[in-house]
>>> print(open('protein_38.tsv').read())   # TSV, C-alpha atoms and all ligand atoms
chain	number	residue	atom	x	y	z
A	11	MET	CA	10.89	-141.57	2.88
A	12	THR	CA	12.42	-139.79	-0.15
A	13	SER	CA	15.54	-137.67	0.05
A	14	ILE	CA	13.40	-134.55	-0.57
A	15	GLU	CA	11.64	-135.08	2.79
A	16	LYS	CA	14.89	-135.67	4.62
A	17	GLN	CA	16.92	-132.91	6.27
A	18	ASP	CA	19.75	-131.61	4.11
A	19	LEU	CA	22.54	-131.24	6.67
A	20	ARG	CA	24.33	-128.77	4.42
A	21	ASN	CA	21.56	-126.26	5.17
A	22	LEU	CA	22.58	-126.22	8.83
A	23	THR	CA	25.15	-124.06	10.59
A	24	GLN	CA	27.22	-125.66	13.33
A	25	GLU	CA	24.65	-124.49	15.92
A	26	GLY	CA	21.89	-125.92	13.75
A	27	LEU	CA	23.71	-129.26	13.55
A	28	ILE	CA	24.09	-129.36	17.32
A	29	GLU	CA	20.34	-128.79	17.73
A	30	TYR	CA	19.62	-131.36	15.05
A	31	VAL	CA	21.65	-134.17	16.64
A	32	GLU	CA	20.15	-133.33	20.03
A	33	SER	CA	16.70	-133.76	18.46
A	34	LEU	CA	17.85	-137.26	17.52
A	35	GLY	CA	18.80	-137.96	21.15
A	36	GLN	CA	22.56	-137.52	20.66
A	37	PRO	CA	24.95	-135.27	22.61
A	38	GLY	CA	25.59	-131.87	21.01
A	39	PHE	CA	29.28	-132.48	20.28
A	40	ARG	CA	28.24	-134.98	17.60
A	41	GLY	CA	27.00	-131.94	15.65
A	42	LYS	CA	30.54	-130.54	15.66
A	43	GLN	CA	31.88	-133.92	14.58
A	44	ILE	CA	29.48	-133.97	11.64
A	45	MET	CA	30.44	-130.39	10.71
A	46	GLY	CA	34.03	-131.60	10.54
A	47	TRP	CA	33.04	-134.11	7.84
A	48	LEU	CA	30.43	-132.26	5.80
A	49	TYR	CA	32.78	-130.00	3.84
A	50	ARG	CA	35.72	-132.34	3.32
A	51	PRO	CA	36.32	-133.07	-0.36
A	52	GLY	CA	35.01	-136.51	-1.35
A	53	ILE	CA	32.55	-136.92	1.51
A	54	SER	CA	29.09	-137.78	0.20
A	55	GLU	CA	27.85	-140.56	2.52
A	56	PHE	CA	27.35	-140.86	6.26
A	57	SER	CA	29.16	-144.22	6.09
A	58	GLN	CA	32.38	-142.25	5.47
A	59	MET	CA	32.07	-140.47	8.85
A	60	THR	CA	34.06	-143.09	10.65
A	61	ASP	CA	34.23	-141.47	14.08
A	62	LEU	CA	30.44	-141.71	14.44
A	63	ALA	CA	28.91	-144.92	15.82
A	64	LYS	CA	27.59	-147.19	13.08
A	65	VAL	CA	24.08	-147.16	14.54
A	66	PHE	CA	24.04	-143.34	14.57
A	67	ARG	CA	25.27	-143.26	10.98
A	68	GLN	CA	22.30	-145.45	10.05
A	69	VAL	CA	19.92	-143.11	11.90
A	70	LEU	CA	21.39	-140.18	9.98
A	71	ALA	CA	21.04	-141.99	6.66
A	72	GLU	CA	17.36	-142.63	7.42
A	73	ASN	CA	16.63	-139.02	8.38
A	74	ALA	CA	19.07	-136.80	6.54
A	75	TYR	CA	21.19	-136.38	3.42
A	76	LEU	CA	24.06	-134.30	2.07
A	77	SER	CA	23.20	-132.31	-1.05
A	78	GLN	CA	25.87	-131.84	-3.70
A	79	PHE	CA	26.30	-130.09	-7.03
A	80	PRO	CA	27.91	-132.78	-9.19
A	81	ASP	CA	28.71	-132.43	-12.92
A	82	PRO	CA	28.38	-128.68	-13.41
A	83	ILE	CA	27.90	-127.21	-16.86
A	84	LEU	CA	31.15	-125.38	-17.67
A	85	GLU	CA	32.11	-122.59	-20.02
A	86	LYS	CA	35.68	-121.36	-20.13
A	87	ALA	CA	36.63	-117.85	-21.21
A	88	SER	CA	39.78	-116.95	-23.11
A	89	ASP	CA	41.06	-115.05	-20.05
A	90	GLY	CA	40.83	-118.13	-17.78
A	91	CYS	CA	37.49	-117.31	-16.12
A	92	VAL	CA	35.15	-120.28	-15.81
A	93	LYS	CA	31.37	-120.03	-15.63
A	94	PHE	CA	29.66	-122.85	-13.76
A	95	GLY	CA	26.02	-123.77	-14.14
A	96	PHE	CA	24.72	-125.88	-11.25
A	97	ARG	CA	21.44	-127.73	-11.63
A	98	LEU	CA	19.11	-127.42	-8.65
A	99	ASP	CA	16.67	-130.11	-7.50
A	100	ASP	CA	13.76	-128.27	-9.10
A	101	GLY	CA	15.49	-128.04	-12.49
A	102	HIS	CA	16.58	-124.40	-12.30
A	103	ILE	CA	20.20	-123.56	-13.00
A	104	VAL	CA	22.23	-121.24	-10.85
A	105	GLU	CA	25.48	-119.70	-12.04
A	106	SER	CA	28.84	-118.95	-10.42
A	107	VAL	CA	31.97	-117.50	-11.99
A	108	LEU	CA	35.54	-118.37	-11.08
A	109	ILE	CA	37.96	-115.49	-11.63
A	110	PRO	CA	41.50	-116.85	-11.25
A	111	GLU	CA	44.61	-114.76	-10.63
A	112	PRO	CA	48.08	-116.05	-9.80
A	113	ASP	CA	47.68	-115.55	-6.04
A	114	ARG	CA	43.93	-116.01	-5.59
A	115	ASN	CA	40.76	-117.58	-6.91
A	116	THR	CA	37.77	-115.31	-6.52
A	117	LEU	CA	34.41	-116.99	-6.86
A	118	CYS	CA	31.39	-114.88	-7.70
A	119	ILE	CA	28.35	-116.71	-6.36
A	120	SER	CA	24.58	-116.35	-6.64
A	121	SER	CA	22.09	-115.95	-3.82
A	122	GLN	CA	18.82	-116.25	-5.75
A	123	VAL	CA	17.49	-117.73	-8.97
A	124	GLY	CA	16.77	-114.58	-10.97
A	125	CYS	CA	16.29	-111.27	-9.18
A	126	ALA	CA	13.36	-109.04	-8.32
A	127	MET	CA	15.25	-105.76	-8.36
A	128	GLY	CA	14.99	-105.08	-12.09
A	129	CYS	CA	18.16	-103.02	-12.58
A	130	THR	CA	17.87	-101.97	-16.20
A	131	PHE	CA	21.54	-102.61	-17.08
A	132	CYS	CA	21.57	-106.18	-15.74
A	133	LEU	CA	20.62	-109.33	-17.63
A	134	THR	CA	19.71	-111.17	-14.42
A	135	GLY	CA	17.19	-108.41	-13.76
A	136	THR	CA	15.42	-109.30	-17.02
A	137	MET	CA	14.73	-112.83	-15.71
A	138	GLY	CA	12.56	-111.62	-12.84
A	139	PHE	CA	12.62	-113.31	-9.46
A	140	ILE	CA	12.20	-117.10	-9.35
A	141	ARG	CA	13.24	-118.11	-5.84
A	142	ASN	CA	15.72	-117.72	-3.00
A	143	LEU	CA	18.60	-120.15	-2.73
A	144	LYS	CA	18.87	-122.17	0.46
A	145	ALA	CA	22.09	-122.00	2.49
A	146	ALA	CA	23.17	-125.39	1.09
A	147	GLU	CA	22.64	-124.17	-2.47
A	148	ILE	CA	24.88	-121.19	-1.74
A	149	VAL	CA	27.74	-123.14	-0.11
A	150	ASN	CA	27.48	-125.97	-2.64
A	151	GLN	CA	28.54	-123.51	-5.35
A	152	ILE	CA	31.85	-123.14	-3.50
A	153	CYS	CA	32.17	-126.90	-2.92
A	154	GLY	CA	31.41	-127.60	-6.59
A	155	VAL	CA	34.13	-125.19	-7.75
A	156	ARG	CA	36.56	-126.50	-5.14
A	157	ASP	CA	36.01	-130.04	-6.47
A	158	TYR	CA	36.56	-128.79	-10.03
A	159	LEU	CA	39.88	-127.17	-8.99
A	160	LEU	CA	41.02	-130.30	-7.17
A	161	GLY	CA	40.27	-132.36	-10.30
A	162	GLU	CA	42.40	-130.17	-12.58
A	163	SER	CA	46.13	-130.55	-13.01
A	164	PRO	CA	47.77	-127.79	-10.88
A	165	ASP	CA	49.97	-126.88	-13.88
A	166	SER	CA	46.90	-126.00	-15.92
A	167	LEU	CA	45.55	-123.59	-13.31
A	168	ILE	CA	46.19	-119.84	-13.26
A	169	GLY	CA	45.55	-119.57	-9.51
A	170	PRO	CA	45.73	-121.79	-6.42
A	171	THR	CA	43.93	-125.13	-6.11
A	172	ARG	CA	41.25	-123.73	-3.81
A	173	VAL	CA	38.71	-120.93	-3.67
A	174	THR	CA	40.33	-118.12	-1.67
A	175	ASN	CA	37.82	-115.26	-2.04
A	176	VAL	CA	34.05	-115.18	-2.37
A	177	VAL	CA	31.89	-112.33	-3.64
A	178	PHE	CA	28.09	-112.31	-3.65
A	179	MET	CA	27.86	-110.56	-7.01
A	180	GLY	CA	26.23	-113.28	-9.09
A	181	MET	CA	22.51	-113.72	-9.61
A	182	GLY	CA	20.19	-112.17	-7.05
A	183	GLU	CA	20.13	-109.54	-4.31
A	184	PRO	CA	21.72	-111.20	-1.25
A	185	LEU	CA	20.03	-108.93	1.29
A	186	ASN	CA	16.63	-110.06	-0.02
A	187	ASN	CA	17.64	-113.57	1.12
A	188	LEU	CA	19.46	-112.51	4.25
A	189	ASP	CA	18.66	-115.45	6.56
A	190	ASN	CA	20.00	-118.03	4.11
A	191	VAL	CA	22.95	-115.80	3.21
A	192	LEU	CA	23.85	-115.40	6.91
A	193	ASP	CA	23.66	-119.17	7.43
A	194	SER	CA	25.86	-119.72	4.40
A	195	LEU	CA	28.36	-117.13	5.74
A	196	SER	CA	28.47	-118.97	9.04
A	197	ILE	CA	29.25	-122.24	7.22
A	198	MET	CA	31.84	-120.56	5.00
A	199	THR	CA	33.72	-118.97	7.90
A	200	GLU	CA	33.42	-121.84	10.40
A	201	GLN	CA	36.78	-123.54	10.82
A	202	LYS	CA	35.24	-126.97	10.48
A	203	GLY	CA	33.16	-125.70	7.57
A	204	LEU	CA	34.81	-124.07	4.56
A	205	ASP	CA	37.27	-122.17	6.76
A	206	LEU	CA	37.30	-118.95	4.73
A	207	THR	CA	38.34	-115.75	6.46
A	208	PRO	CA	35.56	-113.10	6.64
A	209	ARG	CA	37.85	-110.43	5.21
A	210	ARG	CA	37.97	-112.43	1.96
A	211	ILE	CA	34.20	-112.52	1.61
A	212	THR	CA	32.15	-109.63	0.21
A	213	VAL	CA	28.38	-109.24	0.13
A	214	SER	CA	27.23	-106.77	-2.50
A	215	THR	CA	23.85	-105.04	-2.39
A	216	CYS	CA	21.94	-102.69	-4.66
A	217	GLY	CA	20.85	-100.84	-1.51
A	218	ILE	CA	18.23	-102.55	0.65
A	219	VAL	CA	18.75	-99.98	3.40
A	220	PRO	CA	17.09	-101.68	6.44
A	221	LYS	CA	18.96	-104.92	5.78
A	222	ILE	CA	22.38	-103.28	5.52
A	223	ARG	CA	22.54	-102.57	9.26
A	224	GLU	CA	21.16	-106.01	10.09
A	225	MET	CA	23.91	-107.63	8.04
A	226	GLY	CA	26.53	-105.47	9.73
A	227	GLU	CA	25.29	-106.51	13.15
A	228	LYS	CA	25.21	-110.22	12.33
A	229	SER	CA	28.31	-110.68	10.20
A	230	THR	CA	31.84	-109.32	9.84
A	231	VAL	CA	32.24	-109.87	6.10
A	232	ASN	CA	32.87	-106.96	3.71
A	233	LEU	CA	30.08	-104.82	2.31
A	234	ALA	CA	29.94	-103.60	-1.29
A	235	ILE	CA	27.35	-101.14	-2.57
A	236	SER	CA	26.27	-101.06	-6.21
A	237	LEU	CA	25.88	-97.30	-6.53
A	238	HIS	CA	26.19	-96.56	-10.26
A	239	ALA	CA	24.77	-93.01	-10.14
A	240	VAL	CA	24.93	-89.88	-8.02
A	241	ASP	CA	21.63	-88.31	-9.04
A	242	ASP	CA	18.37	-89.79	-7.75
A	243	SER	CA	16.50	-89.42	-11.02
A	244	VAL	CA	19.27	-91.17	-12.96
A	245	ARG	CA	19.70	-93.87	-10.34
A	246	SER	CA	15.97	-94.53	-10.14
A	247	LYS	CA	15.92	-95.13	-13.89
A	248	LEU	CA	18.86	-97.52	-13.68
A	249	MET	CA	17.92	-99.15	-10.36
A	250	PRO	CA	14.24	-99.11	-9.34
A	251	VAL	CA	15.28	-99.80	-5.71
A	252	ASN	CA	16.24	-96.13	-5.61
A	253	ASN	CA	12.54	-95.19	-5.70
A	254	ARG	CA	12.31	-96.78	-2.26
A	255	TYR	CA	15.64	-95.86	-0.74
A	256	SER	CA	17.26	-92.68	-2.06
A	257	ILE	CA	20.98	-92.20	-2.52
A	258	ASP	CA	21.20	-90.09	0.65
A	259	GLU	CA	19.35	-92.74	2.71
A	260	LEU	CA	21.65	-95.42	1.30
A	261	LEU	CA	24.78	-93.42	2.09
A	262	GLU	CA	23.52	-92.68	5.60
A	263	ALA	CA	23.18	-96.45	6.16
A	264	CYS	CA	26.80	-96.77	5.00
A	265	ARG	CA	27.95	-93.99	7.36
A	266	THR	CA	26.47	-95.84	10.32
A	267	PHE	CA	27.45	-99.35	9.16
A	268	PRO	CA	29.26	-101.06	12.06
A	269	MET	CA	32.85	-101.58	10.96
A	270	PRO	CA	36.23	-102.00	12.62
A	271	LYS	CA	38.64	-99.10	12.07
A	272	ARG	CA	40.67	-100.41	9.15
A	273	LYS	CA	37.75	-101.77	7.19
A	274	ARG	CA	36.32	-100.03	4.12
A	275	ILE	CA	33.05	-100.22	2.24
A	276	MET	CA	33.51	-100.89	-1.47
A	277	PHE	CA	31.41	-98.74	-3.80
A	278	GLU	CA	30.82	-100.22	-7.23
A	279	TYR	CA	30.24	-97.69	-10.00
A	280	THR	CA	29.65	-98.92	-13.54
A	281	LEU	CA	30.16	-96.19	-16.12
A	282	LEU	CA	27.48	-96.02	-18.81
A	283	GLN	CA	28.33	-93.79	-21.75
A	284	GLY	CA	26.55	-90.45	-21.61
A	285	ILE	CA	24.49	-91.40	-18.56
A	286	ASN	CA	26.62	-91.34	-15.42
A	287	ASP	CA	30.19	-90.89	-16.67
A	288	SER	CA	30.78	-87.11	-16.76
A	289	ASP	CA	33.42	-85.17	-14.82
A	290	GLN	CA	30.55	-83.56	-12.91
A	291	ASP	CA	29.28	-87.04	-11.89
A	292	ALA	CA	32.75	-87.88	-10.57
A	293	ARG	CA	32.93	-84.63	-8.59
A	294	ILE	CA	29.49	-85.20	-7.04
A	295	LEU	CA	30.46	-88.79	-6.21
A	296	ALA	CA	33.56	-87.51	-4.41
A	297	GLU	CA	31.41	-85.09	-2.41
A	298	LYS	CA	28.71	-87.59	-1.51
A	299	LEU	CA	31.11	-90.24	-0.22
A	300	GLN	CA	32.87	-87.84	2.13
A	301	GLY	CA	33.15	-89.23	5.65
A	302	ILE	CA	32.54	-92.85	4.62
A	303	PRO	CA	35.60	-95.12	4.99
A	304	CYS	CA	35.56	-96.56	1.48
A	305	LYS	CA	37.22	-97.68	-1.71
A	306	ILE	CA	35.73	-97.19	-5.16
A	307	ASN	CA	35.66	-99.70	-8.00
A	308	ILE	CA	34.85	-98.20	-11.36
A	309	LEU	CA	34.06	-100.40	-14.32
A	310	GLY	CA	33.16	-99.81	-17.95
A	311	TYR	CA	29.79	-101.34	-18.79
A	312	ASN	CA	29.85	-104.87	-20.22
A	313	GLU	CA	27.84	-104.37	-23.36
A	314	CYS	CA	25.30	-106.95	-24.51
A	315	ASP	CA	22.91	-106.91	-27.48
A	316	ALA	CA	19.80	-107.25	-25.32
A	317	LEU	CA	20.34	-103.98	-23.42
A	318	PRO	CA	20.76	-100.46	-24.83
A	319	TYR	CA	23.71	-99.17	-22.75
A	320	ARG	CA	27.20	-98.56	-24.06
A	321	SER	CA	30.60	-98.51	-22.41
A	322	PRO	CA	32.61	-95.26	-22.28
A	323	SER	CA	36.12	-95.03	-23.70
A	324	ARG	CA	39.18	-95.99	-21.66
A	325	ASN	CA	40.15	-92.30	-21.57
A	326	ARG	CA	36.76	-91.41	-20.01
A	327	LEU	CA	37.24	-94.11	-17.37
A	328	MET	CA	40.68	-92.76	-16.55
A	329	ALA	CA	39.49	-89.15	-16.38
A	330	PHE	CA	36.70	-90.22	-13.99
A	331	GLN	CA	39.23	-92.10	-11.88
A	332	ARG	CA	41.63	-89.14	-11.82
A	333	ILE	CA	39.00	-86.80	-10.34
A	334	LEU	CA	38.32	-89.29	-7.54
A	335	ILE	CA	42.02	-89.91	-6.88
A	336	ASP	CA	42.58	-86.15	-6.69
A	337	ALA	CA	39.83	-86.07	-4.05
A	338	ASN	CA	41.91	-88.59	-2.04
A	339	TYR	CA	39.93	-91.75	-2.70
A	340	THR	CA	41.39	-95.17	-3.39
A	341	VAL	CA	39.98	-96.03	-6.81
A	342	PHE	CA	40.44	-99.14	-8.89
A	343	ILE	CA	39.45	-99.56	-12.50
A	344	ARG	CA	38.07	-103.08	-12.45
A	345	SER	CA	38.94	-104.98	-15.61
A	346	SER	CA	36.10	-106.90	-17.14
A	347	ARG	CA	36.68	-110.65	-16.96
A	348	GLY	CA	34.84	-113.48	-18.69
A	349	SER	CA	32.86	-111.26	-21.06
A	350	ASP	CA	33.27	-113.65	-24.03
A	351	ILE	CA	31.23	-116.28	-22.15
A	352	SER	CA	28.73	-113.78	-20.69
A	353	ALA	CA	30.26	-114.24	-17.25
A	354	ALA	CA	31.11	-110.61	-16.60
A	355	CYS	CA	29.21	-108.40	-14.17
A	356	GLY	CA	25.52	-108.11	-14.97
A	357	GLN	CA	25.66	-110.81	-17.64
A	358	LEU	CA	24.45	-113.84	-15.67
A	359	ALA	CA	21.06	-115.00	-16.89
A	360	THR	CA	21.29	-118.79	-17.22
A	361	GLY	CA	22.56	-118.35	-20.74
A	362	LEU	CA	24.75	-121.42	-20.47
A	363	LYS	CA	24.96	-123.80	-23.31
A	364	ASN	CA	23.97	-127.25	-22.05
A	365	LYS	CA	27.49	-128.52	-22.13
A	366	ALA	CA	28.20	-131.02	-19.36
A	367	CYS	CA	31.87	-131.65	-18.55
B	1	LIG	S1	22.33	-105.79	-10.57
B	1	LIG	FE1	22.06	-107.22	-8.84
B	1	LIG	S2	20.26	-106.41	-7.78
B	1	LIG	FE2	20.23	-105.47	-9.81
B	1	LIG	S3	18.92	-106.85	-11.06
B	1	LIG	FE3	21.08	-107.51	-11.32
B	1	LIG	S4	21.35	-109.13	-9.80
B	1	LIG	FE4	19.52	-107.96	-9.20
>>> encode(input="protein_38.tsv", output="structure tokens", more="lines below")
Ligand code: SF4
Amino acid sequence: MTSIEKQDLRNLTQEGLIEYVESLGQPGFRGKQIMGWLYRPGISEFSQMTDLAKVFRQVLAENAYLSQFPDPILEKASDGCVKFGFRLDDGHIVESVLIPEPDRNTLCISSQVGCAMGCTFCLTGTMGFIRNLKAAEIVNQICGVRDYLLGESPDSLIGPTRVTNVVFMGMGEPLNNLDNVLDSLSIMTEQKGLDLTPRRITVSTCGIVPKIREMGEKSTVNLAISLHAVDDSVRSKLMPVNNRYSIDELLEACRTFPMPKRKRIMFEYTLLQGINDSDQDARILAEKLQGIPCKINILGYNECDALPYRSPSRNRLMAFQRILIDANYTVFIRSSRGSDISAACGQLATGLKNKAC
């Protein structure tokens, strides 16, 4: 039997592992024991799981395996961001971006190879959709970056030695791969898994309205909405998903999104010069978001030669922000990170140089 036909245990949540060991005739608690090993740094073989009986370890080795993302392709930006390219079994490459700050390491991860949504300002959109990532391929991005951090000298790092925050803002539309994303979230937040707190994880969507509620019912992580326009005709040109779900339908889904009191939805708004960056746009945005507990991230467009859009001036960004602040919103101007290695928002399109480290 080849490893491809075996069960990759990293695709399984803790409940899935319990069911799996039971299918092998073992008591369910062995599934929890295995979960306790799967995400420890340096564990790659069942023989290392020393609290499992030797015979059971052999059964596991015959029927299952642990996938890994070894030897990523790395590109480092002048601002400390690192873009990782992970090779998948079928030869595709999926990208993640580490954004270090002194008190945190945010990892931007991918949920699909390519993307079907075709947003006209996004390089990933130009790739088209190739396939969904499995849960293991999502969590292995975090494990791969964790292993990279552990292998670096702490003095050379800007942030901590572990991944502290995760955002689904890399390649793909996570809500178009919701089952695998939910399984990966379960593994990420499980104490015996990657032990990340849900409030440090954000799933970002371009607005797949029916899936927004489903995600809210099945997970407690943060929701971010890529809004980017306040007028349906403008948004439909930028984001074809808007032809299916209008701005008002999207915002209604946000109004009814199940959230504890202190939680906020994050709206992402990329300013494109002359398209969505006027004072009037800011005023309409303030009106439309009324009644939704939210924060707003505004960002100047990350220009690239392949796409026609341009970034507004810093003054325009600040004027847009001022109108929203005056309307009592919490608004951040998100600084662009990693743009010199095409790792900034909307720039992921497997453009990595084949540079193994
Ligand atoms: S912005 Fe997001 S949803 Fe739109 S094409 Fe790019 S990856 Fe897909």
>>> residues_around(input="protein_38.tsv", residues="region 280-284 of chain A", least_positions_apart="5", cutoff="9 Å", atoms="all atoms listed in the file", output="list in words")
Ser236, Leu237, His238, Ala239, Asn307, Ile308, Leu309, Gly310, Tyr311, Asn312, Tyr319, Arg320, Ser321, Pro322, Ser323, Arg326 and Leu327 of chain A
>>> closest_atom_pairs(input="protein_38.tsv", of="chain A", to="ligand LIG 1 (chain B)", cutoff="6 Å", atoms="all atoms listed in the file", output="Markdown table")
| residue | atom | partner | partner_atom | distance |
| --- | --- | --- | --- | --- |
| A:Cys125 | CA | B:LIG1 | FE4 | 4.6 |
| A:Met127 | CA | B:LIG1 | S3 | 4.7 |
| A:Gly128 | CA | B:LIG1 | S3 | 4.4 |
| A:Cys129 | CA | B:LIG1 | S3 | 4.2 |
| A:Cys132 | CA | B:LIG1 | FE3 | 4.6 |
| A:Thr134 | CA | B:LIG1 | FE3 | 5.0 |
| A:Gly135 | CA | B:LIG1 | S3 | 3.6 |
| A:Met181 | CA | B:LIG1 | S4 | 4.7 |
| A:Gly182 | CA | B:LIG1 | S4 | 4.3 |
| A:Glu183 | CA | B:LIG1 | S2 | 4.7 |
| A:Cys216 | CA | B:LIG1 | S2 | 5.1 |
| A:Gly356 | CA | B:LIG1 | FE3 | 5.8 |
>>> write_last_selection(input="protein_38.tsv", atoms="C-alpha atoms", output="mmCIF file, in the frame of the given file")
data_model
loop_
_atom_site.group_PDB
_atom_site.id
_atom_site.type_symbol
_atom_site.label_atom_id
_atom_site.label_comp_id
_atom_site.auth_asym_id
_atom_site.auth_seq_id
_atom_site.Cartn_x
_atom_site.Cartn_y
_atom_site.Cartn_z
ATOM 1 C CA CYS A 125 16.290 -111.270 -9.180
ATOM 2 C CA MET A 127 15.250 -105.760 -8.360
ATOM 3 C CA GLY A 128 14.990 -105.080 -12.090
ATOM 4 C CA CYS A 129 18.160 -103.020 -12.580
ATOM 5 C CA CYS A 132 21.570 -106.180 -15.740
ATOM 6 C CA THR A 134 19.710 -111.170 -14.420
ATOM 7 C CA GLY A 135 17.190 -108.410 -13.760
ATOM 8 C CA MET A 181 22.510 -113.720 -9.610
ATOM 9 C CA GLY A 182 20.190 -112.170 -7.050
ATOM 10 C CA GLU A 183 20.130 -109.540 -4.310
ATOM 11 C CA CYS A 216 21.940 -102.690 -4.660
ATOM 12 C CA GLY A 356 25.520 -108.110 -14.970
#
>>> residues_around(input="protein_38.tsv", residues="region 151-160 of chain A", least_positions_apart="6", cutoff="8 Å", atoms="all atoms listed in the file", output="list of chain:residue names")
A:Tyr49, A:Pro51, A:Gln78, A:Phe79, A:Pro80, A:Pro82, A:Phe94, A:Phe96, A:Ser106, A:Leu108, A:Leu117, A:Ile119, A:Leu167, A:Thr171, A:Arg172, A:Val173
>>> atom_distance(input="protein_38.tsv", atom1="CA of Asp89 (chain A)", atom2="CA of Ile148 (chain A)")
25.2 Å
>>> atom_distance(input="protein_38.tsv", atom1="CA of Val177 (chain A)", atom2="CA of Asp242 (chain A)")
26.6 Å
>>> atom_distance(input="protein_38.tsv", atom1="CA of Lys271 (chain A)", atom2="CA of Ser196 (chain A)")
22.5 Å
>>> closest_residue(input="protein_38.tsv", among="A:Ser246, A:Arg274, A:Arg114, A:Gly161", to="Gly52 (chain A)", atoms="only C-alpha atoms")
A:Gly161
>>> residues_around(input="protein_38.tsv", residues="Phe39 (chain A)", least_positions_apart="3", cutoff="7 Å", atoms="all atoms listed in the file", output="VMD selection string")
chain A and resid 28 42 to 43
>>> residues_near_point(input="protein_38.tsv", point="(20.6, -94.0, 1.2)", cutoff="12 Å", atoms="all atoms listed in the file", output="number ranges by chain")
A: 216-223, 235-237, 240-242, 245, 251-267, 298-299
>>> closest_residue(input="protein_38.tsv", among="A:Gln58, A:Thr116, A:Asn21, A:Ser33", to="Pro170 (chain A)", atoms="all atoms listed in the file")
A:Thr116
>>> residues_around(input="protein_38.tsv", residues="Leu143 (chain A)", least_positions_apart="2", cutoff="9 Å", atoms="only C-alpha atoms", output="number ranges by chain")
A: 104, 120-123, 141, 145-148, 187, 190-191
>>> closest_residue(input="protein_38.tsv", among="A:Leu192, A:Leu204, A:Leu233, A:Ile109", to="Ser346 (chain A)", atoms="only C-alpha atoms")
A:Ile109
